[in-house]
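Below is the file entry_36.cif, which contains mmCIF, C-alpha atoms.
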```cif
data_query
#
loop_
_atom_site.label_atom_id
_atom_site.label_comp_id
_atom_site.auth_asym_id
_atom_site.auth_seq_id
_atom_site.Cartn_x
_atom_site.Cartn_y
_atom_site.Cartn_z
CA MET A 1 -59.46 204.99 59.61
CA THR A 2 -61.79 204.84 56.61
CA PRO A 3 -63.42 201.75 55.02
CA GLY A 4 -60.75 201.72 52.29
CA ASP A 5 -57.88 201.48 54.80
CA THR A 6 -56.30 198.12 55.57
CA PRO A 7 -55.42 197.71 59.25
CA LEU A 8 -52.65 195.41 60.42
CA LEU A 9 -51.06 194.26 63.64
CA PRO A 10 -47.41 195.34 63.43
CA ARG A 11 -44.56 193.12 64.53
CA GLY A 12 -44.56 192.72 68.30
CA VAL A 13 -48.36 192.78 68.61
CA ARG A 14 -50.30 189.52 68.77
CA LEU A 15 -53.48 187.88 69.95
CA HIS A 16 -53.05 185.38 72.75
CA PHE A 17 -55.51 183.10 74.49
CA ASP A 18 -55.03 183.46 78.24
CA ARG A 19 -55.78 179.97 79.56
CA VAL A 20 -55.67 181.01 83.20
CA ARG A 21 -58.23 183.82 82.85
CA GLU A 22 -60.02 182.06 79.97
CA GLY A 23 -60.12 184.94 77.54
CA TRP A 24 -58.37 186.60 74.65
CA VAL A 25 -55.77 189.29 75.21
CA LEU A 26 -53.85 191.49 72.84
CA LEU A 27 -50.17 191.44 73.73
CA ALA A 28 -48.12 194.48 72.76
CA PRO A 29 -44.98 196.25 74.00
CA GLU A 30 -45.45 196.68 77.78
CA ARG A 31 -49.19 196.14 77.41
CA ALA A 32 -51.66 193.28 77.80
CA ILE A 33 -55.14 194.34 76.75
CA ARG A 34 -58.10 192.16 77.71
CA LEU A 35 -60.47 191.77 74.77
CA ASP A 36 -64.21 191.30 74.88
CA ALA A 37 -65.94 189.16 72.26
CA ILE A 38 -66.38 192.11 69.90
CA GLY A 39 -62.77 193.27 70.23
CA HIS A 40 -61.59 189.76 69.50
CA ALA A 41 -63.99 189.42 66.55
CA ILE A 42 -62.56 192.59 64.99
CA LEU A 43 -58.88 191.88 65.65
CA SER A 44 -59.04 188.24 64.57
CA ARG A 45 -60.09 189.55 61.13
CA VAL A 46 -57.23 192.05 60.95
CA ASP A 47 -54.67 190.32 58.71
CA GLY A 48 -53.05 193.14 56.74
CA THR A 49 -54.91 192.21 53.55
CA ARG A 50 -58.59 192.85 54.33
CA SER A 51 -59.80 196.46 54.35
CA LEU A 52 -61.82 197.91 57.20
CA GLY A 53 -64.83 197.85 54.83
CA GLN A 54 -64.39 194.12 54.17
CA ILE A 55 -63.90 193.39 57.86
CA ALA A 56 -67.01 195.37 58.78
CA ALA A 57 -69.11 193.65 56.12
CA ASP A 58 -68.01 190.26 57.40
CA LEU A 59 -68.78 191.24 61.00
CA ALA A 60 -72.18 192.71 60.06
CA GLU A 61 -73.13 189.40 58.51
CA ALA A 62 -71.73 187.27 61.31
CA PHE A 63 -73.47 189.30 64.04
CA ASP A 64 -76.53 190.28 62.02
CA ALA A 65 -75.93 194.00 62.63
CA PRO A 66 -76.23 197.14 60.44
CA VAL A 67 -73.01 197.50 58.45
CA ASP A 68 -72.79 201.29 59.03
CA ASP A 69 -72.84 200.86 62.80
CA VAL A 70 -70.28 198.06 62.64
CA THR A 71 -67.99 200.14 60.41
CA ARG A 72 -68.17 203.12 62.75
CA ASP A 73 -67.58 201.06 65.90
CA SER A 74 -64.73 199.08 64.34
CA ALA A 75 -63.05 202.26 63.07
CA GLU A 76 -63.30 203.81 66.53
CA PHE A 77 -61.84 200.71 68.18
CA LEU A 78 -58.96 200.43 65.69
CA ASP A 79 -58.24 204.18 65.74
CA ALA A 80 -57.83 204.09 69.51
CA LEU A 81 -55.30 201.25 69.15
CA ALA A 82 -53.54 203.05 66.27
CA GLU A 83 -53.10 206.10 68.49
CA ARG A 84 -51.18 203.83 70.87
CA ARG A 85 -49.08 202.38 68.02
CA ILE A 86 -50.68 198.96 68.53
CA VAL A 87 -52.44 198.90 65.14
CA GLU A 88 -51.10 200.31 61.86
CA VAL A 89 -52.58 200.99 58.44
CA ALA A 90 -50.92 198.99 55.66
CA MET B 91 -60.13 190.96 101.58
CA GLU B 92 -60.86 190.43 97.88
CA ALA B 93 -59.65 187.29 96.13
CA ILE B 94 -56.00 187.47 95.10
CA ARG B 95 -55.62 187.67 91.33
CA PRO B 96 -52.75 186.06 89.46
CA PRO B 97 -49.85 188.28 88.41
CA ILE B 98 -49.79 189.66 84.85
CA ALA B 99 -46.11 190.58 84.54
CA MET B 100 -42.82 189.20 85.79
CA LEU B 101 -39.59 191.16 86.06
CA ALA B 102 -36.75 188.65 85.88
CA GLU B 103 -33.54 190.29 87.05
CA LEU B 104 -31.27 187.74 85.43
CA THR B 105 -28.07 189.19 86.87
CA HIS B 106 -26.80 192.22 88.73
CA ARG B 107 -23.68 192.27 86.55
CA CYS B 108 -23.54 195.26 84.20
CA PRO B 109 -20.83 197.01 82.19
CA LEU B 110 -22.41 200.36 83.11
CA SER B 111 -22.38 201.84 86.60
CA CYS B 112 -25.23 204.38 86.53
CA PRO B 113 -25.47 206.21 89.86
CA TYR B 114 -29.28 205.79 89.88
CA CYS B 115 -29.33 202.04 89.31
CA SER B 116 -32.49 200.53 90.80
CA ASN B 117 -30.66 197.39 91.89
CA PRO B 118 -30.07 197.14 95.64
CA VAL B 119 -26.86 198.65 97.00
CA GLU B 120 -25.79 195.14 98.01
CA LEU B 121 -25.51 193.46 94.62
CA ALA B 122 -25.77 189.72 94.07
CA ALA B 123 -22.51 188.10 92.98
CA ARG B 124 -22.31 185.99 89.83
CA ASP B 125 -21.97 182.69 91.72
CA SER B 126 -25.27 183.32 93.52
CA GLU B 127 -27.28 183.65 90.27
CA LEU B 128 -29.94 181.12 89.32
CA SER B 129 -28.81 178.62 86.68
CA THR B 130 -30.41 178.34 83.23
CA ALA B 131 -32.49 175.35 84.38
CA GLN B 132 -33.64 177.19 87.52
CA TRP B 133 -34.75 180.24 85.51
CA LEU B 134 -36.62 178.02 83.05
CA SER B 135 -38.42 176.38 85.96
CA VAL B 136 -39.38 179.81 87.31
CA PHE B 137 -40.71 180.78 83.85
CA ARG B 138 -42.80 177.60 83.53
CA GLN B 139 -44.31 178.16 86.96
CA ALA B 140 -45.07 181.80 86.14
CA GLY B 141 -46.71 180.84 82.86
CA GLU B 142 -48.93 178.32 84.60
CA MET B 143 -49.92 180.98 87.15
CA GLY B 144 -51.08 183.40 84.45
CA VAL B 145 -48.14 185.73 83.86
CA LEU B 146 -48.41 187.15 80.31
CA GLN B 147 -45.50 189.57 80.05
CA LEU B 148 -41.92 188.72 80.91
CA HIS B 149 -39.42 191.53 81.29
CA LEU B 150 -35.85 190.25 81.09
CA SER B 151 -33.74 192.73 82.97
CA GLY B 152 -30.72 193.01 85.25
CA GLY B 153 -28.16 194.45 85.67
CA GLU B 154 -27.48 193.94 82.03
CA PRO B 155 -29.31 190.80 80.86
CA ALA B 156 -26.89 190.47 77.93
CA SER B 157 -24.22 189.68 80.55
CA ARG B 158 -25.88 186.26 80.80
CA ARG B 159 -24.36 183.97 78.18
CA ASP B 160 -27.55 181.87 78.17
CA LEU B 161 -29.81 184.83 77.29
CA THR B 162 -30.93 183.30 73.99
CA ASP B 163 -31.84 179.99 75.68
CA LEU B 164 -33.76 181.90 78.34
CA VAL B 165 -35.72 183.81 75.68
CA ALA B 166 -36.53 180.58 73.84
CA GLY B 167 -37.69 179.00 77.11
CA ALA B 168 -39.77 182.07 77.93
CA ARG B 169 -41.56 181.90 74.57
CA GLU B 170 -42.21 178.21 75.18
CA ALA B 171 -43.80 179.14 78.51
CA GLY B 172 -46.16 181.38 76.49
CA PHE B 173 -44.85 184.83 77.41
CA TYR B 174 -44.57 188.08 75.57
CA THR B 175 -40.83 188.63 76.01
CA ASN B 176 -39.30 192.05 76.53
CA LEU B 177 -35.54 192.61 76.78
CA ILE B 178 -34.58 195.59 78.96
CA THR B 179 -31.02 196.45 78.01
CA SER B 180 -28.35 199.13 77.76
CA GLY B 181 -27.34 197.47 74.49
CA ILE B 182 -23.81 196.82 75.75
CA GLY B 183 -22.98 193.17 75.17
CA LEU B 184 -25.31 192.79 72.19
CA THR B 185 -23.88 192.19 68.74
CA GLU B 186 -25.68 191.99 65.43
CA LYS B 187 -25.23 188.21 65.51
CA ARG B 188 -26.59 187.90 69.04
CA LEU B 189 -29.62 190.03 68.18
CA ALA B 190 -30.30 187.77 65.18
CA GLU B 191 -30.19 184.76 67.53
CA LEU B 192 -32.60 186.47 69.91
CA ASP B 193 -34.88 187.13 66.94
CA THR B 194 -34.85 183.44 66.04
CA ALA B 195 -35.52 182.55 69.70
CA GLY B 196 -38.69 184.64 69.50
CA LEU B 197 -37.87 187.84 71.39
CA ASP B 198 -40.89 190.15 71.04
CA HIS B 199 -39.65 193.60 72.03
CA VAL B 200 -36.58 195.57 73.08
CA GLN B 201 -36.43 198.38 75.60
CA LEU B 202 -33.17 200.29 75.21
CA SER B 203 -31.96 202.63 77.95
CA LEU B 204 -30.61 206.09 77.18
CA GLN B 205 -28.37 207.74 79.77
CA GLY B 206 -27.94 210.97 77.79
CA THR B 207 -28.39 212.27 74.26
CA ASP B 208 -24.68 212.69 73.51
CA ALA B 209 -21.56 210.69 74.27
CA ALA B 210 -20.26 213.18 76.83
CA MET B 211 -23.38 212.92 79.01
CA ALA B 212 -24.22 209.25 78.41
CA ASP B 213 -20.70 207.95 78.97
CA ARG B 214 -20.23 210.04 82.11
CA ILE B 215 -23.49 208.84 83.67
CA GLY B 216 -22.97 205.25 82.58
CA GLY B 217 -19.33 205.36 83.64
CA TYR B 218 -18.45 203.56 80.41
CA LYS B 219 -16.41 205.19 77.67
CA GLY B 220 -17.67 204.43 74.18
CA GLY B 221 -21.02 203.26 75.55
CA PHE B 222 -23.10 205.84 73.69
CA ASP B 223 -21.59 205.08 70.29
CA ARG B 224 -22.02 201.37 70.91
CA LYS B 225 -25.66 201.90 71.90
CA MET B 226 -26.35 203.82 68.69
CA ALA B 227 -24.89 200.91 66.69
CA VAL B 228 -27.09 198.46 68.61
CA ALA B 229 -30.15 200.63 67.92
CA GLY B 230 -29.32 200.40 64.21
CA TRP B 231 -29.23 196.58 64.35
CA ILE B 232 -32.49 196.50 66.33
CA GLY B 233 -34.11 198.59 63.59
CA LYS B 234 -32.63 196.44 60.83
CA ILE B 235 -34.06 193.25 62.34
CA GLY B 236 -37.35 195.04 62.95
CA PHE B 237 -37.82 194.48 66.68
CA PRO B 238 -40.36 196.93 68.06
CA LEU B 239 -38.39 199.38 70.19
CA THR B 240 -39.05 201.41 73.31
CA LEU B 241 -36.44 203.95 74.31
CA ASN B 242 -36.09 204.53 78.05
CA PHE B 243 -34.69 207.95 78.94
CA VAL B 244 -33.86 208.20 82.63
CA MET B 245 -33.93 211.85 83.68
CA HIS B 246 -32.35 213.70 86.57
CA ARG B 247 -31.07 217.18 87.28
CA GLY B 248 -27.97 216.71 85.12
CA ASN B 249 -29.68 215.64 81.88
CA MET B 250 -33.28 216.87 82.04
CA HIS B 251 -32.49 219.64 79.56
CA GLN B 252 -31.81 216.90 76.99
CA LEU B 253 -35.43 215.70 76.95
CA PRO B 254 -36.37 217.41 73.62
CA ARG B 255 -33.37 215.75 71.94
CA ALA B 256 -34.23 212.37 73.51
CA LEU B 257 -37.67 212.60 71.84
CA GLU B 258 -35.99 213.32 68.49
CA ILE B 259 -33.65 210.36 68.92
CA ALA B 260 -36.63 208.09 69.60
CA LEU B 261 -38.20 209.22 66.31
CA GLU B 262 -34.91 208.84 64.44
CA MET B 263 -34.53 205.29 65.75
CA GLY B 264 -38.08 204.45 64.69
CA ALA B 265 -39.12 203.69 68.28
CA ARG B 266 -42.84 203.26 68.82
CA ARG B 267 -42.60 204.25 72.46
CA ILE B 268 -40.42 206.26 74.79
CA GLU B 269 -40.45 206.07 78.54
CA VAL B 270 -39.48 209.38 80.03
CA ALA B 271 -38.71 208.40 83.59
CA THR B 272 -37.51 210.80 86.24
CA VAL B 273 -35.16 208.96 88.58
CA GLN B 274 -36.96 207.18 91.40
CA PHE B 275 -35.09 207.40 94.65
CA HIS B 276 -34.43 203.78 95.58
CA GLY B 277 -31.28 201.68 95.43
CA TRP B 278 -28.19 203.55 94.30
CA ALA B 279 -30.16 206.72 93.56
CA MET B 280 -30.76 207.12 97.31
CA LEU B 281 -27.01 207.66 97.73
CA ASN B 282 -27.05 210.35 95.05
CA ARG B 283 -30.08 212.47 95.79
CA GLY B 284 -27.97 215.62 96.14
CA ALA B 285 -26.60 215.31 92.61
CA LEU B 286 -29.68 213.85 90.88
CA MET B 287 -32.70 215.64 92.39
CA PRO B 288 -34.29 217.92 89.78
CA ASN B 289 -35.45 221.32 90.91
CA GLN B 290 -39.09 222.39 90.80
CA ALA B 291 -38.63 224.49 87.64
CA GLN B 292 -37.00 221.57 85.79
CA ALA B 293 -39.75 219.18 86.87
CA ARG B 294 -42.40 221.63 85.59
CA GLU B 295 -40.55 222.14 82.30
CA ALA B 296 -40.28 218.37 81.74
CA SER B 297 -44.04 218.00 82.27
CA ARG B 298 -44.67 220.82 79.79
CA VAL B 299 -42.37 219.28 77.14
CA VAL B 300 -44.06 215.89 77.56
CA ALA B 301 -47.58 217.34 77.27
CA GLU B 302 -46.62 219.25 74.14
CA ALA B 303 -44.88 216.26 72.55
CA ARG B 304 -47.79 213.94 73.33
CA ALA B 305 -50.11 216.24 71.37
CA ALA B 306 -47.68 216.80 68.49
CA LEU B 307 -46.63 213.14 68.13
CA LYS B 308 -50.00 211.47 68.64
CA GLY B 309 -50.10 208.18 66.72
CA ARG B 310 -46.35 208.36 65.95
CA LEU B 311 -44.65 208.05 69.32
CA VAL B 312 -46.26 206.88 72.55
CA ILE B 313 -44.83 208.68 75.59
CA ASP B 314 -44.99 207.10 79.03
CA TYR B 315 -43.99 209.62 81.67
CA VAL B 316 -42.83 209.22 85.25
CA PRO B 317 -42.75 212.71 86.80
CA ALA B 318 -40.45 213.80 89.60
CA ASP B 319 -42.41 212.49 92.55
CA TYR B 320 -40.67 214.41 95.38
CA HIS B 321 -42.18 217.49 93.72
CA ALA B 322 -45.65 215.98 93.30
CA SER B 323 -48.80 216.43 95.38
CA TYR B 324 -50.01 212.84 95.15
CA PRO B 325 -47.87 209.69 95.18
CA LYS B 326 -47.36 207.35 92.25
CA PRO B 327 -49.67 204.31 92.21
CA CYS B 328 -46.63 202.14 92.85
CA MET B 329 -46.83 198.73 91.12
CA GLY B 330 -50.58 199.34 90.74
CA GLY B 331 -50.77 198.29 94.39
CA TRP B 332 -48.43 195.97 96.30
CA ALA B 333 -48.39 192.39 94.93
CA SER B 334 -51.39 193.05 92.68
CA THR B 335 -50.10 192.64 89.13
CA GLY B 336 -46.32 192.22 89.10
CA ILE B 337 -43.85 189.72 90.52
CA ASN B 338 -40.05 190.18 90.56
CA VAL B 339 -37.37 187.59 90.78
CA ALA B 340 -33.90 188.76 91.82
CA PRO B 341 -30.73 187.17 90.35
CA ASP B 342 -30.36 184.81 93.32
CA GLY B 343 -33.98 183.63 93.12
CA THR B 344 -35.45 185.86 95.84
CA VAL B 345 -39.06 186.58 94.92
CA LEU B 346 -40.22 190.16 95.52
CA PRO B 347 -43.34 192.29 94.98
CA CYS B 348 -41.11 195.10 93.61
CA HIS B 349 -37.42 195.68 92.99
CA ALA B 350 -36.89 197.78 96.13
CA ALA B 351 -38.90 195.62 98.55
CA GLN B 352 -35.83 194.34 100.39
CA THR B 353 -35.36 197.80 101.88
CA ILE B 354 -38.30 196.87 104.15
CA LYS B 355 -36.28 194.89 106.65
CA SER B 356 -39.27 193.70 108.67
CA LEU B 357 -40.37 191.49 105.76
CA THR B 358 -38.90 188.09 104.90
CA PHE B 359 -38.77 187.18 101.23
CA GLU B 360 -38.75 183.59 100.05
CA ASN B 361 -36.63 182.05 97.32
CA ALA B 362 -37.80 180.29 94.16
CA ARG B 363 -35.12 177.65 94.78
CA ASP B 364 -36.99 176.45 97.88
CA THR B 365 -40.62 177.43 97.45
CA LYS B 366 -43.09 177.22 94.58
CA LEU B 367 -43.79 180.58 92.95
CA ARG B 368 -47.53 180.04 93.39
CA ASP B 369 -47.15 179.52 97.14
CA ILE B 370 -45.05 182.67 97.45
CA TRP B 371 -47.50 184.81 95.45
CA TYR B 372 -50.65 183.66 97.25
CA ASP B 373 -49.49 182.71 100.73
CA SER B 374 -46.28 184.43 101.78
CA PRO B 375 -46.70 186.98 104.60
CA ALA B 376 -44.50 189.47 102.71
CA PHE B 377 -46.74 189.46 99.63
CA ASN B 378 -49.87 189.70 101.76
CA ALA B 379 -48.48 192.46 104.00
CA PHE B 380 -49.78 195.40 101.94
CA ARG B 381 -52.31 193.82 99.60
CA GLY B 382 -55.67 195.49 99.19
CA THR B 383 -56.56 198.34 101.56
CA ASP B 384 -57.00 196.64 104.97
CA TRP B 385 -53.41 197.42 106.05
CA MET B 386 -53.85 201.16 105.59
CA GLN B 387 -53.66 203.70 108.37
CA GLU B 388 -55.03 207.24 108.35
CA PRO B 389 -55.03 209.38 106.28
CA CYS B 390 -55.14 206.60 103.62
CA ARG B 391 -57.84 204.53 105.30
CA SER B 392 -60.60 207.11 104.82
CA CYS B 393 -59.17 208.68 101.64
CA GLU B 394 -61.18 208.68 98.42
CA ARG B 395 -57.93 208.10 96.49
CA LYS B 396 -57.02 204.89 98.30
CA THR B 397 -57.88 202.73 95.28
CA VAL B 398 -56.34 205.29 92.89
CA ASP B 399 -52.79 205.42 94.22
CA PHE B 400 -52.93 202.63 96.84
CA GLY B 401 -51.18 204.79 99.44
CA GLY B 402 -48.22 205.29 97.09
CA CYS B 403 -44.94 203.46 97.42
CA ARG B 404 -44.30 201.20 100.46
CA CYS B 405 -40.54 201.45 100.05
CA GLN B 406 -40.71 205.23 99.92
CA ALA B 407 -42.90 205.27 103.05
CA MET B 408 -40.21 203.14 104.71
CA ALA B 409 -37.38 205.36 103.51
CA LEU B 410 -38.94 208.74 104.27
CA ALA B 411 -41.40 208.08 107.11
CA GLY B 412 -39.70 205.06 108.70
CA ASP B 413 -42.90 203.00 108.46
CA PRO B 414 -43.76 200.83 105.43
CA ALA B 415 -47.48 201.07 106.30
CA ALA B 416 -47.49 204.88 106.41
CA THR B 417 -48.92 207.10 103.68
CA ASP B 418 -46.24 207.74 101.05
CA PRO B 419 -44.89 211.11 102.28
CA VAL B 420 -45.06 212.49 98.73
CA CYS B 421 -48.81 212.80 99.38
CA VAL B 422 -50.02 216.25 100.48
CA LYS B 423 -52.17 214.50 103.10
CA SER B 424 -49.17 212.84 104.75
CA PRO B 425 -48.02 214.43 108.03
CA ASP B 426 -44.49 214.03 106.61
CA HIS B 427 -45.18 215.84 103.33
CA GLY B 428 -43.34 218.95 104.54
CA VAL B 429 -40.25 216.82 105.14
CA VAL B 430 -40.30 215.65 101.51
CA GLN B 431 -40.70 219.19 100.21
CA LYS B 432 -37.77 220.30 102.34
CA LEU B 433 -35.64 217.36 101.16
CA ALA B 434 -36.54 218.05 97.52
CA ALA B 435 -35.55 221.69 97.87
CA GLU B 436 -32.31 220.89 99.70
CA PHE B 437 -31.23 218.06 97.41
CA SER B 438 -32.02 220.05 94.26
CA GLU B 439 -29.42 222.60 95.44
CA GLY B 440 -26.88 219.84 96.06
CA ASP B 441 -23.43 219.27 94.60
CA ASP B 442 -23.67 218.16 90.93
CA SER B 443 -20.36 216.34 91.09
CA ALA B 444 -20.96 214.36 94.30
CA LEU B 445 -21.86 211.12 92.53
CA THR B 446 -21.36 207.57 93.77
CA TRP B 447 -21.29 205.29 90.75
CA ARG B 448 -22.64 201.79 91.15
CA SER B 449 -20.09 199.08 91.92
CA MET B 450 -20.20 195.43 92.96
CA THR B 451 -18.70 196.33 96.33
CA ALA B 452 -21.13 198.24 98.52
CA PRO B 453 -20.04 201.70 99.60
CA VAL B 454 -19.10 202.07 103.26
CA GLY B 455 -21.41 204.03 105.55
#
```
Could you quickly redo this structure as structure tokens?
Amino acid sequence: MTPGDTPLLPRGVRLHFDRVREGWVLLAPERAIRLDAIGHAILSRVDGTRSLGQIAADLAEAFDAPVDDVTRDSAEFLDALAERRIVEVA
Amino acid sequence: MEAIRPPIAMLAELTHRCPLSCPYCSNPVELAARDSELSTAQWLSVFRQAGEMGVLQLHLSGGEPASRRDLTDLVAGAREAGFYTNLITSGIGLTEKRLAELDTAGLDHVQLSLQGTDAAMADRIGGYKGGFDRKMAVAGWIGKIGFPLTLNFVMHRGNMHQLPRALEIALEMGARRIEVATVQFHGWAMLNRGALMPNQAQAREASRVVAEARAALKGRLVIDYVPADYHASYPKPCMGGWASTGINVAPDGTVLPCHAAQTIKSLTFENARDTKLRDIWYDSPAFNAFRGTDWMQEPCRSCERKTVDFGGCRCQAMALAGDPAATDPVCVKSPDHGVVQKLAAEFSEGDDSALTWRSMTAPVG
């Protein structure tokens, strides 16, 4: 995924707050993936309209981190999910 | 022992009724009759309790779950309880209208079974003429609505050669995932080992095809693979460990750690009609029988893989070693491993036509 790509959560994939375990999970076909704060921060910005570059810029500002590092880490995270058909590129 | 964690997934076997009669059905040989099934209100109560306990994924299965007329109401109730809802179906009994209603009710995902890649194979295995054509029509409606789809290809000696075509069908249907599952020998499949057991060469070929397809289809089709375990060296990590992540409810409300657990006759399983789900999960002797690693005997007890495969499958240990606390005899370290190898070799040379199809009346003997 490159900064110009726009990631999206396809139908059948959604964020869910797990009240029992008190944390966010990503629910997908036959999968429930526990998210840490960073994973949730990335995925909660994935809306099918914002590009990876825009998401990374927003995250860099919110977490006061270098935008290049954030872009690389976010791309890696989203690519791994895309390989499992949990994230798509619009 | 470590603290018991709440279950993540529930398999709700809504009914044992099914238009198909696959000879490897994982339902028990003694099937539950329609009048023993939980009512709509009872299932909804089970779902609410499971949601409060922390279950995230609900698999609606059977039998054929579409045989329940209240399926749409059950899906709506399941979404209300907060679940990700997955319908595990043969497709028979679903119409375009019914699928649209399930869509409105909030169904998240469909898993469609595939008995063979052509009508001759699929209809013979399913024992239902016209089933394959009907299934293909259902797959078209699923795609039209846009449900995410997993295809589930159950493999055995008779249809393993169709695996490459099954992968093509998954792509043609637009499935995101395919489960390539070699028949597990529980339930009805135990009666049919001689006709269903793949031979060693077939099992190797299937693994090769899967490995190749995984590389070629990366990012397009996710392949989950259950290899032929009688031919394996280490057992499957059954259920990720007994009563660790999954909870099953049978059509009559019996609550089980896995769908085959009732083959372990020394255990008593409680019913959701009488006992709270939470009490069964945390406190029932049957659920606690094989939790963690304290119950293990040698060679499991001192094995470095004991938290990798959890001693394998308790039901298989019961079936093949006569002791549910034994090492799964599929394991090379099991004293009974030679017996499994011998059985695998013998059964894979069995009679292809000696099949007992599933029926509501249990076979004699």
Exercise. Specify as a ChimeraX atom specification each residue included when the PyMOL selection byres ((chain B and resi 300) around 9) is applied to this file.
Key: /B:253-254,270,295-299,301-305,313-315
Quiz item: atom CA of A:Gly4 and atom CA of A:Arg50 are how many Å apart?
Solution: 9.4 Å
Practice problem: May I ask for the distance between atom CA of A:Ile86 and atom CA of B:Ala190, given in Å to one decimal place? | Solution: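 Going from atom CA of A:Ile86 over to atom CA of B:Ala190 covers 23.5 Å.
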Exercise. Let me know the residues the PyMOL selection byres ((chain A) within 7 of (chain B)) catches in the file above, as a PyMOL selection string.
Key: chain A and resi 11-12+20+27+29+82-85
Could the residues in this selection be saved with C-alpha atoms as an mmCIF file, keeping the file's coordinate frame?
```
data_model
loop_
_atom_site.group_PDB
_atom_site.id
_atom_site.type_symbol
_atom_site.label_atom_id
_atom_site.label_comp_id
_atom_site.auth_asym_id
_atom_site.auth_seq_id
_atom_site.Cartn_x
_atom_site.Cartn_y
_atom_site.Cartn_z
ATOM 1 C CA ARG A 11 -44.560 193.120 64.530
ATOM 2 C CA GLY A 12 -44.560 192.720 68.300
ATOM 3 C CA VAL A 20 -55.670 181.010 83.200
ATOM 4 C CA LEU A 27 -50.170 191.440 73.730
ATOM 5 C CA PRO A 29 -44.980 196.250 74.000
ATOM 6 C CA ALA A 82 -53.540 203.050 66.270
ATOM 7 C CA GLU A 83 -53.100 206.100 68.490
ATOM 8 C CA ARG A 84 -51.180 203.830 70.870
ATOM 9 C CA ARG A 85 -49.080 202.380 68.020
#
```
Exercise. Give as a ChimeraX atom specification the set of residues within 10 Å of the point (-67.8, 197.9, 59.8), where distances use the file's coordinates and all atoms listed in the file.
Key: /A:2-3,42,51-60,65-75
Self-check item: Answer key for the PyMOL selection byres ((chain B and resi 430) around 9), residues as a ChimeraX atom specification
Solution: /B:320-321,410,419-420,426-429,431-435
Quiz item: atom CA of B:Gly382 and atom CA of A:Ala32, how far apart in Å?
Solution: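 We find that atom CA of A:Ala32 and atom CA of B:Gly382 lie 21.9 Å from each other.
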Exercise. Go through B:Trp371, B:Lys326, B:Gly412, B:Ile182 one by one, measure the shortest atom-to-atom distance of each to B:Leu346 using all atoms listed in the file, and give the residue with the smallest value.
Key: B:Trp371
Quiz item: Residues at most 9 Å from B:Val339, counting only C-alpha atoms, excluding those fewer than 2 positions away in the same chain, as a PyMOL selection string?
Solution: chain B and resi 100-104+136+337+341-349+361-362
Practice problem: Using all atoms listed in the file, determine which residues lie at most 12 Å from stretch 36-39 of chain A, disregarding the query and same-chain residues fewer than 2 positions distant; provide the list as a PyMOL selection string. | Solution: chain A and resi 15+17+22-26+33-34+41-46+56+59-60+62-63+70+73-78+80-81
Quiz prompt | Residue contacts of B:Asn378 (12 Å, all atoms listed in the file) excluding same-chain residues fewer than 2 positions away, as a list in words | solution = Met91, Glu92, Ala93, Ile94, Gly331, Trp332, Ala333, Ser334, Leu346, Pro347, Leu357, Thr358, Phe359, Asp369, Ile370, Trp371, Tyr372, Asp373, Ser374, Pro375, Ala376, Phe380, Arg381, Gly382, Thr383, Asp384 and Trp385 of chain B
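Candidate residues A:Asp18, A:Asp64, A:Glu30, A:Glu88 were compared for distance to A:Asp5, and the nearest is A:Glu88, using only C-alpha atoms.
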Exercise. Write out as a list of chain:residue names each polymer residue whose atoms come within 8 Å of B:Phe137, counting only C-alpha atoms; drop sequence neighbours fewer than 4 positions from it.
Key: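 Counting only C-alpha atoms, the residues come to B:Trp133, B:Gly141, B:Gly167, B:Ala168, B:Ala171.
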Exercise. For stretch 393-396 of chain B, please output as a PyMOL selection string all residues within 12 Å (counting all atoms listed in the file; exclusion window: fewer than 5 positions along the same chain).
Key: chain B and resi 324-327+330-331+382-388+401-402+417-418+421-424
